[in-house]
$ cat run.cif   # mmCIF, C-alpha atoms and all ligand atoms
data_start
#
loop_
_atom_site.label_atom_id
_atom_site.label_comp_id
_atom_site.auth_asym_id
_atom_site.auth_seq_id
_atom_site.Cartn_x
_atom_site.Cartn_y
_atom_site.Cartn_z
CA MET A 15 52.69 161.48 -42.02
CA ALA A 16 56.27 160.94 -43.20
CA THR A 17 56.28 162.67 -46.57
CA GLY A 18 59.85 163.94 -46.82
CA LYS A 19 61.27 160.46 -47.12
CA THR A 20 61.83 158.34 -50.23
CA TYR A 21 61.18 154.64 -49.65
CA ASP A 22 62.57 151.89 -51.84
CA VAL A 23 59.05 150.54 -52.24
CA ALA A 24 55.58 151.70 -51.22
CA VAL A 25 53.05 148.89 -50.93
CA ILE A 26 49.44 150.03 -51.06
CA GLY A 27 47.04 147.61 -49.36
CA ALA A 28 47.71 145.64 -46.16
CA GLY A 29 45.68 142.53 -46.93
CA VAL A 30 47.46 139.20 -47.14
CA PHE A 31 49.10 140.04 -50.50
CA GLY A 32 50.37 143.51 -49.54
CA ALA A 33 51.42 142.51 -46.02
CA TRP A 34 53.53 139.58 -47.23
CA THR A 35 54.98 141.61 -50.11
CA ALA A 36 56.07 144.37 -47.70
CA TYR A 37 57.50 141.82 -45.26
CA GLN A 38 59.41 139.90 -47.94
CA LEU A 39 60.83 143.17 -49.32
CA ALA A 40 61.96 144.24 -45.84
CA ARG A 41 63.64 140.85 -45.33
CA ARG A 42 65.61 141.62 -48.49
CA GLY A 43 66.81 144.85 -46.90
CA LYS A 44 64.44 147.26 -48.67
CA GLY A 45 63.02 150.39 -47.04
CA VAL A 46 59.27 149.88 -47.28
CA ALA A 47 56.12 151.89 -46.56
CA LEU A 48 52.90 149.88 -46.23
CA LEU A 49 49.70 151.90 -46.58
CA ASP A 50 46.08 150.97 -46.01
CA ALA A 51 42.90 153.00 -46.15
CA TYR A 52 41.09 151.04 -43.43
CA GLY A 53 43.81 149.08 -41.59
CA PRO A 54 45.50 145.67 -41.94
CA SER A 55 42.96 142.89 -42.69
CA ASN A 56 40.08 145.24 -41.87
CA SER A 57 36.47 143.99 -41.87
CA ARG A 58 35.87 145.13 -45.46
CA SER A 59 38.97 143.47 -46.87
CA SER A 60 38.98 140.02 -48.43
CA SER A 61 41.62 138.97 -45.91
CA GLY A 62 39.53 140.14 -42.94
CA GLY A 63 37.65 136.85 -42.37
CA GLU A 64 38.05 134.52 -39.43
CA SER A 65 39.59 131.61 -41.34
CA ARG A 66 40.87 130.49 -44.76
CA ILE A 67 41.58 127.00 -46.07
CA ILE A 68 45.07 126.01 -47.11
CA ARG A 69 44.93 122.95 -49.38
CA MET A 70 47.29 121.58 -51.99
CA GLY A 71 44.72 120.23 -54.44
CA TYR A 72 44.11 122.39 -57.50
CA GLY A 73 42.96 119.76 -60.00
CA SER A 74 45.55 119.68 -62.77
CA ASP A 75 46.67 123.28 -62.08
CA GLU A 76 50.18 122.37 -60.99
CA ILE A 77 51.35 125.96 -60.58
CA TYR A 78 49.00 126.64 -57.64
CA THR A 79 49.68 123.24 -56.08
CA ARG A 80 53.39 124.04 -56.14
CA TRP A 81 52.76 127.49 -54.60
CA ALA A 82 50.55 126.00 -51.86
CA MET A 83 53.22 123.35 -51.14
CA ARG A 84 55.75 126.12 -50.57
CA ALA A 85 53.31 128.40 -48.71
CA LEU A 86 52.34 125.90 -46.00
CA PRO A 87 55.85 125.51 -44.52
CA LEU A 88 56.39 129.29 -44.81
CA TRP A 89 53.21 129.97 -42.83
CA LYS A 90 54.12 127.31 -40.26
CA GLU A 91 57.66 128.60 -39.87
CA PHE A 92 56.30 132.15 -39.44
CA PHE A 93 53.77 131.09 -36.78
CA GLU A 94 56.44 129.09 -34.94
CA ARG A 95 58.77 132.10 -34.96
CA ILE A 96 56.13 134.42 -33.49
CA ARG A 97 54.80 131.66 -31.20
CA GLU A 98 51.19 132.03 -32.32
CA PRO A 99 49.15 128.90 -33.13
CA LEU A 100 47.41 130.38 -36.19
CA PHE A 101 47.40 127.23 -38.32
CA HIS A 102 44.97 124.40 -37.56
CA GLN A 103 46.00 121.12 -39.16
CA THR A 104 42.46 119.84 -39.59
CA GLY A 105 43.15 117.92 -42.78
CA VAL A 106 41.18 118.80 -45.92
CA LEU A 107 38.70 116.24 -47.24
CA TRP A 108 37.50 116.46 -50.85
CA LEU A 109 34.09 114.82 -51.29
CA ALA A 110 34.01 113.37 -54.80
CA HIS A 111 30.94 112.57 -56.87
CA THR A 112 32.57 111.08 -59.97
CA THR A 113 35.71 109.13 -60.78
CA ASP A 114 36.88 111.42 -63.58
CA GLY A 115 36.38 114.88 -62.09
CA TYR A 116 38.44 117.55 -60.34
CA GLU A 117 39.30 115.31 -57.38
CA SER A 118 40.82 112.68 -59.66
CA GLN A 119 42.94 115.39 -61.26
CA CYS A 120 44.04 116.37 -57.73
CA VAL A 121 45.05 112.76 -57.01
CA ALA A 122 47.19 112.68 -60.16
CA THR A 123 48.88 116.06 -59.54
CA LEU A 124 49.41 115.57 -55.80
CA GLY A 125 50.73 112.05 -56.38
CA ARG A 126 53.18 113.29 -59.01
CA LEU A 127 54.42 116.09 -56.71
CA GLY A 128 54.73 113.87 -53.66
CA VAL A 129 52.00 115.46 -51.49
CA PRO A 130 50.78 112.96 -48.87
CA ILE A 131 47.17 111.99 -49.60
CA GLU A 132 44.72 109.29 -48.58
CA ARG A 133 42.12 107.92 -50.96
CA LEU A 134 38.97 106.89 -49.13
CA SER A 135 36.22 104.66 -50.50
CA ARG A 136 32.59 105.40 -49.71
CA ALA A 137 32.76 102.64 -47.05
CA ASP A 138 35.93 104.21 -45.55
CA LEU A 139 34.21 107.60 -45.42
CA GLU A 140 31.13 106.20 -43.70
CA LYS A 141 33.27 104.47 -41.10
CA GLN A 142 35.68 107.33 -40.46
CA TYR A 143 33.16 110.20 -40.61
CA PRO A 144 29.76 108.96 -39.43
CA GLN A 145 28.57 112.54 -38.85
CA PHE A 146 28.18 113.03 -42.65
CA ASP A 147 25.16 111.98 -44.69
CA LEU A 148 27.18 111.44 -47.84
CA GLY A 149 24.28 111.44 -50.34
CA PRO A 150 25.75 111.06 -53.86
CA VAL A 151 29.39 111.19 -52.71
CA THR A 152 31.22 108.13 -54.05
CA TRP A 153 34.74 108.56 -52.64
CA GLY A 154 36.99 111.00 -50.81
CA LEU A 155 40.46 112.46 -51.03
CA LEU A 156 42.08 113.50 -47.75
CA GLU A 157 45.03 115.89 -47.52
CA PRO A 158 46.04 115.10 -43.91
CA GLN A 159 48.64 117.87 -43.64
CA SER A 160 46.44 120.71 -44.90
CA GLY A 161 44.07 122.79 -42.82
CA VAL A 162 42.99 126.27 -41.87
CA LEU A 163 44.77 129.61 -41.40
CA THR A 164 43.37 132.03 -38.86
CA ALA A 165 43.20 134.73 -41.50
CA ARG A 166 42.65 138.15 -39.94
CA ARG A 167 45.01 137.51 -37.04
CA ALA A 168 47.64 136.02 -39.35
CA VAL A 169 47.74 139.13 -41.55
CA GLN A 170 47.91 141.41 -38.54
CA ALA A 171 50.82 139.33 -37.24
CA VAL A 172 52.62 139.66 -40.60
CA VAL A 173 52.21 143.44 -40.47
CA GLU A 174 53.49 143.49 -36.89
CA GLU A 175 56.56 141.44 -37.84
CA ALA A 176 57.06 143.56 -40.95
CA SER A 177 57.07 146.66 -38.72
CA LYS A 178 59.72 145.07 -36.51
CA SER A 179 61.78 144.52 -39.68
CA GLY A 180 61.57 148.23 -40.49
CA VAL A 181 58.41 148.52 -42.59
CA GLU A 182 56.60 151.79 -41.88
CA TYR A 183 52.86 151.28 -41.69
CA LEU A 184 50.76 154.33 -42.64
CA ASN A 185 47.01 154.69 -42.47
CA ALA A 186 46.09 156.41 -45.73
CA ALA A 187 43.95 156.02 -48.83
CA VAL A 188 46.06 156.33 -51.97
CA LEU A 189 44.76 157.85 -55.20
CA GLU A 190 45.27 156.54 -58.71
CA PRO A 191 48.64 157.70 -60.07
CA ARG A 192 48.59 160.00 -63.09
CA GLY A 193 51.06 160.25 -65.97
CA SER A 194 53.45 157.66 -67.33
CA GLY A 195 57.08 156.52 -67.28
CA LYS A 196 58.73 156.34 -63.88
CA LEU A 197 56.39 157.28 -61.04
CA ALA A 198 58.07 159.35 -58.31
CA SER A 199 55.23 159.60 -55.80
CA VAL A 200 51.59 158.87 -55.09
CA LYS A 201 49.09 161.18 -53.45
CA THR A 202 46.85 160.24 -50.56
CA ARG A 203 43.25 161.33 -50.09
CA GLY A 204 44.51 163.48 -47.18
CA GLY A 205 46.79 165.44 -49.55
CA ASP A 206 50.17 163.89 -48.61
CA SER A 207 52.71 162.60 -51.12
CA ILE A 208 54.50 159.29 -50.66
CA HIS A 209 57.79 159.05 -52.56
CA ALA A 210 59.29 155.70 -53.51
CA GLY A 211 61.41 153.95 -56.10
CA ALA A 212 58.66 151.42 -56.84
CA PHE A 213 54.98 151.03 -56.00
CA VAL A 214 52.89 147.91 -55.48
CA PHE A 215 49.12 148.30 -55.61
CA ALA A 216 47.81 145.26 -53.68
CA CYS A 217 44.31 146.66 -53.27
CA GLY A 218 42.34 143.42 -53.63
CA PRO A 219 38.70 144.09 -54.54
CA TRP A 220 39.40 147.83 -54.70
CA LEU A 221 41.72 147.47 -57.72
CA PRO A 222 38.86 148.20 -60.18
CA LYS A 223 38.00 151.35 -58.20
CA VAL A 224 41.61 152.56 -57.96
CA PHE A 225 42.24 151.86 -61.68
CA PRO A 226 38.78 152.14 -63.26
CA ASP A 227 39.95 152.39 -66.89
CA LEU A 228 42.51 149.61 -66.64
CA LEU A 229 40.84 147.14 -64.27
CA GLY A 230 37.20 148.26 -64.04
CA HIS A 231 36.23 145.45 -66.44
CA ARG A 232 38.95 142.97 -65.57
CA ILE A 233 38.47 142.34 -61.82
CA PHE A 234 35.02 141.27 -60.71
CA PRO A 235 34.30 141.62 -56.97
CA THR A 236 31.43 139.30 -55.99
CA ARG A 237 29.39 139.15 -52.80
CA GLN A 238 29.96 135.97 -50.76
CA GLU A 239 28.10 134.92 -47.63
CA VAL A 240 29.61 132.86 -44.82
CA PHE A 241 27.77 131.19 -41.95
CA PHE A 242 28.85 129.70 -38.64
CA PHE A 243 26.41 127.20 -37.13
CA GLY A 244 26.42 126.39 -33.43
CA VAL A 245 27.31 122.72 -32.75
CA PRO A 246 25.30 120.53 -30.37
CA PRO A 247 26.37 120.97 -26.73
CA GLY A 248 29.16 118.71 -25.52
CA ASP A 249 29.34 116.96 -28.93
CA PRO A 250 32.91 116.37 -30.16
CA ARG A 251 31.86 115.10 -33.64
CA PHE A 252 32.12 118.54 -35.20
CA GLU A 253 35.54 119.46 -33.86
CA PRO A 254 38.92 118.41 -35.22
CA PRO A 255 40.21 115.72 -35.31
CA ALA A 256 36.77 114.07 -35.61
CA LEU A 257 35.76 116.38 -38.48
CA PRO A 258 38.21 117.72 -41.08
CA THR A 259 37.73 120.76 -43.29
CA TRP A 260 35.73 119.59 -46.32
CA ILE A 261 35.22 120.69 -49.91
CA ASN A 262 32.17 119.51 -51.81
CA LEU A 263 32.38 120.88 -55.35
CA GLY A 264 29.84 118.27 -56.58
CA ASP A 265 26.33 119.67 -56.67
CA ASP A 266 26.45 122.36 -54.00
CA GLU A 267 29.82 124.06 -54.67
CA ALA A 268 30.16 124.31 -50.90
CA TYR A 269 32.92 124.02 -48.36
CA GLY A 270 33.20 124.21 -44.62
CA MET A 271 35.30 123.83 -41.55
CA PRO A 272 34.93 122.10 -38.22
CA ASP A 273 34.24 124.03 -35.03
CA LEU A 274 37.56 125.88 -34.62
CA GLU A 275 38.25 127.98 -31.57
CA HIS A 276 34.56 127.41 -30.66
CA ARG A 277 33.31 129.75 -33.41
CA GLY A 278 30.94 127.11 -34.79
CA LEU A 279 30.82 124.98 -37.94
CA LYS A 280 31.68 127.24 -40.87
CA VAL A 281 29.81 126.79 -44.16
CA ALA A 282 29.94 128.80 -47.37
CA ILE A 283 28.85 128.42 -50.96
CA ASP A 284 31.77 128.95 -53.33
CA ARG A 285 29.56 129.87 -56.33
CA HIS A 286 30.09 133.54 -57.29
CA GLY A 287 27.49 135.90 -55.86
CA PRO A 288 26.32 139.19 -57.40
CA PRO A 289 28.71 142.15 -58.06
CA PHE A 290 29.74 143.91 -54.85
CA ASP A 291 31.18 147.28 -53.77
CA PRO A 292 33.80 146.70 -51.04
CA ASP A 293 33.30 150.18 -49.50
CA TRP A 294 29.53 150.47 -49.41
CA GLY A 295 28.12 146.99 -50.10
CA ARG A 296 25.55 145.74 -47.58
CA ARG A 297 27.25 143.24 -45.27
CA VAL A 298 24.13 141.65 -43.89
CA VAL A 299 23.34 138.13 -45.10
CA THR A 300 20.19 137.45 -47.14
CA LEU A 301 17.33 135.18 -46.15
CA GLU A 302 17.87 133.14 -49.35
CA GLY A 303 21.56 132.71 -48.52
CA LEU A 304 20.72 131.62 -44.99
CA GLU A 305 18.12 129.12 -46.20
CA GLU A 306 20.50 127.64 -48.75
CA ALA A 307 23.27 127.24 -46.15
CA ARG A 308 20.85 125.78 -43.62
CA ARG A 309 19.48 123.29 -46.16
CA TYR A 310 22.99 122.28 -47.10
CA VAL A 311 24.13 121.79 -43.50
CA GLY A 312 20.99 119.80 -42.66
CA HIS A 313 21.57 117.45 -45.62
CA LEU A 314 25.28 116.94 -45.01
CA PHE A 315 25.10 116.71 -41.21
CA PRO A 316 21.71 115.42 -40.02
CA ALA A 317 22.63 116.20 -36.38
CA MET A 318 23.01 119.89 -37.36
CA LYS A 319 19.58 120.16 -39.03
CA ASP A 320 18.21 122.70 -36.56
CA ALA A 321 21.51 124.28 -35.56
CA PRO A 322 21.37 128.01 -34.87
CA VAL A 323 23.50 130.52 -36.77
CA VAL A 324 26.01 131.88 -34.26
CA GLU A 325 27.82 134.24 -36.66
CA SER A 326 27.57 135.35 -40.27
CA ARG A 327 29.69 137.47 -42.58
CA VAL A 328 29.54 139.01 -46.01
CA CYS A 329 32.88 139.19 -47.77
CA GLN A 330 33.86 139.52 -51.42
CA TYR A 331 35.95 137.57 -53.88
CA GLU A 332 38.04 139.70 -56.25
CA ASN A 333 37.87 137.53 -59.35
CA THR A 334 39.88 137.77 -62.51
CA SER A 335 38.26 136.42 -65.66
CA ASN A 336 39.42 132.84 -65.02
CA GLY A 337 40.74 132.90 -61.43
CA ASP A 338 44.45 133.32 -62.21
CA PHE A 339 46.22 135.95 -60.12
CA LEU A 340 47.17 139.37 -61.47
CA ILE A 341 50.85 140.16 -60.95
CA ASP A 342 52.24 142.53 -63.52
CA ARG A 343 53.61 145.99 -64.18
CA HIS A 344 51.17 148.80 -64.87
CA PRO A 345 51.34 149.29 -68.65
CA ALA A 346 51.94 153.07 -68.28
CA PHE A 347 54.51 152.96 -65.45
CA GLU A 348 57.73 150.96 -65.43
CA ASN A 349 57.90 150.94 -61.59
CA VAL A 350 54.25 150.34 -60.64
CA TRP A 351 53.03 146.80 -59.94
CA LEU A 352 49.45 145.57 -59.89
CA VAL A 353 48.98 142.63 -57.52
CA GLY A 354 45.66 140.96 -56.81
CA GLY A 355 42.94 138.81 -58.31
CA GLY A 356 43.00 136.33 -55.42
CA SER A 357 39.68 135.05 -56.84
CA GLY A 358 38.46 133.25 -53.72
CA HIS A 359 41.60 131.10 -53.39
CA GLY A 360 44.45 133.56 -52.86
CA PHE A 361 44.90 133.74 -49.10
CA LYS A 362 46.93 130.57 -48.63
CA HIS A 363 49.51 131.76 -51.17
CA GLY A 364 50.36 135.01 -49.32
CA PRO A 365 53.97 134.18 -48.32
CA VAL A 366 54.87 132.82 -51.76
CA LEU A 367 53.18 135.64 -53.61
CA GLY A 368 55.09 138.13 -51.44
CA GLU A 369 58.33 136.34 -52.22
CA TYR A 370 57.51 136.30 -55.94
CA VAL A 371 56.66 140.00 -56.12
CA ALA A 372 59.70 140.97 -54.00
CA ALA A 373 61.94 138.96 -56.35
CA ARG A 374 60.47 140.57 -59.48
CA ILE A 375 61.05 144.04 -58.00
CA THR A 376 64.56 143.44 -56.68
CA GLU A 377 65.89 141.02 -59.30
CA GLY A 378 63.67 141.51 -62.35
CA GLY A 379 62.79 138.50 -64.48
CA ALA A 380 59.79 137.68 -66.62
CA VAL A 381 56.35 137.38 -65.08
CA GLU A 382 54.54 134.04 -65.38
CA PRO A 383 52.23 134.47 -68.41
CA ARG A 384 49.19 133.33 -66.43
CA PHE A 385 49.63 136.27 -64.03
CA ARG A 386 50.02 138.90 -66.72
CA LEU A 387 47.53 141.72 -67.26
CA ALA A 388 47.27 140.76 -70.94
CA THR A 389 45.68 137.44 -69.97
CA LYS A 390 42.94 139.11 -67.92
CA GLU A 391 39.80 139.25 -70.02
CA GLU A 392 36.59 141.24 -69.75
CA MET A 393 34.33 138.16 -69.75
CA GLN A 394 34.33 135.76 -66.82
CA HIS A 395 34.87 132.03 -67.38
CA ARG A 396 36.07 130.58 -64.11
CA ALA A 397 38.71 127.90 -64.56
CA VAL A 398 40.79 128.02 -61.36
CA PHE A 399 39.09 126.91 -58.13
C1 LIG B 1 34.40 134.39 -48.04
C2 LIG B 1 35.79 134.17 -48.56
C3 LIG B 1 36.37 132.92 -48.40
C4 LIG B 1 37.66 132.69 -48.89
N1 LIG B 1 38.23 131.48 -48.67
C5 LIG B 1 39.52 131.28 -49.00
C6 LIG B 1 40.16 130.08 -48.61
O1 LIG B 1 39.55 129.22 -47.96
N2 LIG B 1 41.46 129.91 -48.94
C7 LIG B 1 42.15 130.85 -49.63
O2 LIG B 1 43.34 130.63 -49.89
N3 LIG B 1 41.57 132.01 -50.01
C8 LIG B 1 40.28 132.25 -49.71
N4 LIG B 1 39.66 133.43 -50.03
C9 LIG B 1 40.38 134.41 -50.87
C10 LIG B 1 41.32 135.28 -50.10
O3 LIG B 1 40.78 135.63 -48.85
C11 LIG B 1 41.66 136.53 -50.93
O4 LIG B 1 42.07 136.13 -52.23
C12 LIG B 1 42.75 137.35 -50.29
O5 LIG B 1 42.45 137.63 -48.95
C13 LIG B 1 42.96 138.64 -51.08
O6 LIG B 1 43.90 139.43 -50.39
P1 LIG B 1 44.33 140.85 -50.94
O7 LIG B 1 45.46 141.27 -50.09
O8 LIG B 1 44.53 140.80 -52.42
O9 LIG B 1 43.05 141.79 -50.73
P2 LIG B 1 42.46 142.44 -49.38
O10 LIG B 1 42.59 141.52 -48.25
O11 LIG B 1 41.08 142.92 -49.70
O12 LIG B 1 43.40 143.68 -49.10
C14 LIG B 1 43.35 144.84 -49.89
C15 LIG B 1 43.64 146.01 -48.98
O13 LIG B 1 43.84 147.18 -49.75
C16 LIG B 1 43.34 148.29 -49.04
N5 LIG B 1 43.09 149.36 -50.02
C17 LIG B 1 42.26 149.31 -51.07
N6 LIG B 1 42.33 150.44 -51.77
C18 LIG B 1 43.22 151.23 -51.14
C19 LIG B 1 43.73 152.53 -51.40
N7 LIG B 1 43.32 153.25 -52.45
N8 LIG B 1 44.65 153.05 -50.55
C20 LIG B 1 45.07 152.32 -49.47
N9 LIG B 1 44.62 151.10 -49.19
C21 LIG B 1 43.72 150.55 -50.02
C22 LIG B 1 42.07 147.74 -48.37
O14 LIG B 1 41.68 148.50 -47.25
C23 LIG B 1 42.50 146.32 -48.02
O15 LIG B 1 42.96 146.23 -46.70
C24 LIG B 1 38.37 133.71 -49.57
C25 LIG B 1 37.77 134.96 -49.74
C26 LIG B 1 36.50 135.19 -49.23
C27 LIG B 1 35.88 136.55 -49.40
#
$ encode --input "run.cif" --output "structure tokens" --more "lines below"
Ligand SMILES: Cc1cc2nc3c(=O)[nH]c(=O)nc-3n(C[C@H](O)[C@H](O)[C@H](O)COP(=O)(O)OP(=O)(O)OC[C@H]3O[C@@H](n4cnc5c(N)ncnc54)[C@H](O)[C@@H]3O)c2cc1C
Amino acid sequence: MATGKTYDVAVIGAGVFGAWTAYQLARRGKGVALLDAYGPSNSRSSSGGESRIIRMGYGSDEIYTRWAMRALPLWKEFFERIREPLFHQTGVLWLAHTTDGYESQCVATLGRLGVPIERLSRADLEKQYPQFDLGPVTWGLLEPQSGVLTARRAVQAVVEEASKSGVEYLNAAVLEPRGSGKLASVKTRGGDSIHAGAFVFACGPWLPKVFPDLLGHRIFPTRQEVFFFGVPPGDPRFEPPALPTWINLGDDEAYGMPDLEHRGLKVAIDRHGPPFDPDWGRRVVTLEGLEEARRYVGHLFPAMKDAPVVESRVCQYENTSNGDFLIDRHPAFENVWLVGGGSGHGFKHGPVLGEYVAARITEGGAVEPRFRLATKEEMQHRAVF
């Protein structure tokens, strides 16, 4: 391993946050090392899933809507440049149960910011999407330009492009830095030292393990199950464009995607699961989780009532107390940054987050108060979805 060298910045963690941060720093001419214990978007990482939704709606949380609005063209431009079709413009359909809930806040915010949307009545929904049994859904909000990012492959592509721009990728597990002031180097589990002018710890759900005193009670990794159900043979109703990605916060807190790349209809419950260890946690789905997902799919799509599970995954959210990201300096080190807290919604923002962190490191400037460590509490009360 290259230990004699001093990098401008060492980024620890090659998930979506670390990969984009390293890439954006390299595009600003910085000499960057990117390190990961298990590899870019590995199976344990939060970014290692098949697919992630990119949507603009965040209720009245304008800051994340603005970030998503900037992220989508950055992702698309990146995929066009590398000639990889890793964005699926499926549209994202919000299924609303009330007229004064989250979806109405989305309509107001998206309307104000000029995001194209379509408001669909119950009758419109029934006509346009006959494959749904809408139950208590009263209306819908469609974001026609939003869709799905092919997550694992996208992150690996970012790391590949970052390497072409000069980023040095190193496979190593980094230990918690000791001391205070200006950090000169970090040590790896293998005994090497990595020297750099600044350090970014983008360790996702591992942040509480890397910094147990600081973040052990401020980032809450939770176990989340994901299912892919096999669609009926030769039936186009569950593929795009017939079926968009959907979000049903109403009674089930569920979301799903159409049959993309023939992986099956994806369904997951967004409700936080139990605490989870990203290294050793059991990544086999539970019978209760399977039954809940199956019940949900059967209700929402009667034609999928007996559909077989064709794939399943266990991943983890890395939640902050309320769902706001963590982007701040380590309180003991002037040149160490803590970046994470994606909280089940972070993936889409990768390019913008990378840009934001790169700008803070190279240009300085105050950190948005909502991202600061001081706003991360030890009790969870989820407010950002
Ligand atoms: C089931 C599920 C569904 C989701 N759906 C969506 C969605 O639809 N839309 C959306 O926008 N977001 C979604 N998210 C959230 C999103 O995926 C995460 O917020 C995002 O991937 C977090 O990225 P990260 O880079 O912070 O963490 P990670 O991807 O976990 O990356 C952290 C990396 O750090 C490495 N690492 C850790 N410790 C060390 C160390 N000591 N030394 C070296 N390397 C280390 C790990 O190996 C890992 O690769 C979802 C998450 C899950 C789990």
$ residues_near_ligand --input "run.cif" --ligand "ligand LIG 1 (chain B)" --cutoff "6 Å" --atoms "only C-alpha atoms and all ligand atoms" --output "JSON, numbers by chain"
{"A": [26, 27, 28, 29, 30, 31, 32, 49, 50, 51, 52, 53, 54, 55, 56, 59, 60, 61, 66, 67, 68, 186, 187, 188, 189, 216, 217, 218, 219, 220, 224, 238, 240, 329, 330, 331, 354, 356, 357, 358, 359, 360, 361, 362]}
$ atom_distance --input "run.cif" --atom1 "atom CA of A:Phe225" --atom2 "atom CA of A:Ser177"
27.8 Å
$ atom_distance --input "run.cif" --atom1 "atom CA of A:Trp34" --atom2 "atom CA of A:Leu48"
10.4 Å
$ residues_around --input "run.cif" --residues "A:Ala346" --least-positions-apart "3" --cutoff "12 Å" --atoms "all atoms listed in the file" --output "VMD selection string"
chain A and resid 191 to 197 225 228 342 to 343 349 to 352
$ write_last_selection --input "run.cif" --atoms "C-alpha atoms" --output "JSON list (two decimals), in the frame of the given file"
[["chain", "number", "residue", "atom", "x", "y", "z"],
["A", 191, "PRO", "CA", 48.64, 157.70, -60.07],
["A", 192, "ARG", "CA", 48.59, 160.00, -63.09],
["A", 193, "GLY", "CA", 51.06, 160.25, -65.97],
["A", 194, "SER", "CA", 53.45, 157.66, -67.33],
["A", 195, "GLY", "CA", 57.08, 156.52, -67.28],
["A", 196, "LYS", "CA", 58.73, 156.34, -63.88],
["A", 197, "LEU", "CA", 56.39, 157.28, -61.04],
["A", 225, "PHE", "CA", 42.24, 151.86, -61.68],
["A", 228, "LEU", "CA", 42.51, 149.61, -66.64],
["A", 342, "ASP", "CA", 52.24, 142.53, -63.52],
["A", 343, "ARG", "CA", 53.61, 145.99, -64.18],
["A", 349, "ASN", "CA", 57.90, 150.94, -61.59],
["A", 350, "VAL", "CA", 54.25, 150.34, -60.64],
["A", 351, "TRP", "CA", 53.03, 146.80, -59.94],
["A", 352, "LEU", "CA", 49.45, 145.57, -59.89]]
$ closest_residue --input "run.cif" --among "A:Pro246, A:Pro254, A:Gly295, A:Gly368" --to "A:Ala321" --atoms "all atoms listed in the file"
A:Pro246
$ closest_residue --input "run.cif" --among "A:Ile283, A:Val353, A:Val381, A:Met393" --to "A:Phe241" --atoms "only C-alpha atoms"
A:Ile283
$ closest_atom_pairs --input "run.cif" --of "stretch 248-359 of chain A" --to "stretch 113-134 of chain A" --cutoff "10 Å" --atoms "only C-alpha atoms" --output "Markdown table"
| residue | atom | partner | partner_atom | distance |
| --- | --- | --- | --- | --- |
| A:Asn262 | CA | A:Glu117 | CA | 10.0 |
| A:Leu263 | CA | A:Tyr116 | CA | 8.5 |
| A:Gly264 | CA | A:Gly115 | CA | 9.2 |
$ closest_residue --input "run.cif" --among "A:Val299, A:Met271, A:Val162, A:Leu279" --to "A:Phe242" --atoms "only C-alpha atoms"
A:Leu279
$ residues_around --input "run.cif" --residues "A:Pro272" --least-positions-apart "2" --cutoff "9 Å" --atoms "only C-alpha atoms" --output "compact mmCIF listing (two decimals) with C-alpha atoms, in the coordinates of the input"
# COMPACT_ATOMS: atom_id res chain seq x y z
CA THR A 104 42.46 119.84 -39.59
CA ARG A 251 31.86 115.10 -33.64
CA PHE A 252 32.12 118.54 -35.20
CA GLU A 253 35.54 119.46 -33.86
CA PRO A 254 38.92 118.41 -35.22
CA PRO A 255 40.21 115.72 -35.31
CA ALA A 256 36.77 114.07 -35.61
CA LEU A 257 35.76 116.38 -38.48
CA PRO A 258 38.21 117.72 -41.08
CA THR A 259 37.73 120.76 -43.29
CA TRP A 260 35.73 119.59 -46.32
CA GLY A 270 33.20 124.21 -44.62
CA LEU A 274 37.56 125.88 -34.62
CA GLY A 278 30.94 127.11 -34.79
CA LEU A 279 30.82 124.98 -37.94
CA LYS A 280 31.68 127.24 -40.87
$ residues_around --input "run.cif" --residues "A:Glu182" --least-positions-apart "6" --cutoff "10 Å" --atoms "only C-alpha atoms" --output "list in words"
Ala16, Tyr21, Ala24, Ala36, Gly45, Val46, Ala47, Leu48, Leu49, Val173 and Ala176 of chain A
$ atom_distance --input "run.cif" --atom1 "atom CA of A:Tyr310" --atom2 "atom CA of A:Val245"
15.0 Å
$ axis_aligned_box --input "run.cif" --around "stretch 54-65 of chain A" --padding-each-side "8 Å" --output "JSON"
{"center_x": 40.7, "center_y": 138.6, "center_z": -43.9, "size_x": 25.6, "size_y": 30.1, "size_z": 25.0}
$ residues_around --input "run.cif" --residues "A:Leu139" --least-positions-apart "6" --cutoff "10 Å" --atoms "all atoms listed in the file" --output "PyMOL selection string"
chain A and resi 107+109+133+145-146+148+151-155
$ closest_residue --input "run.cif" --among "A:Glu157, A:Asp293, A:Glu369, A:Asp138" --to "A:Arg58" --atoms "only C-alpha atoms"
A:Asp293
$ residues_around --input "run.cif" --residues "A:Tyr72" --least-positions-apart "3" --cutoff "8 Å" --atoms "all atoms listed in the file" --output "list in words"
Asp75, Glu76, Tyr78, Thr79, Tyr116, Cys120, Val398 and Phe399 of chain A
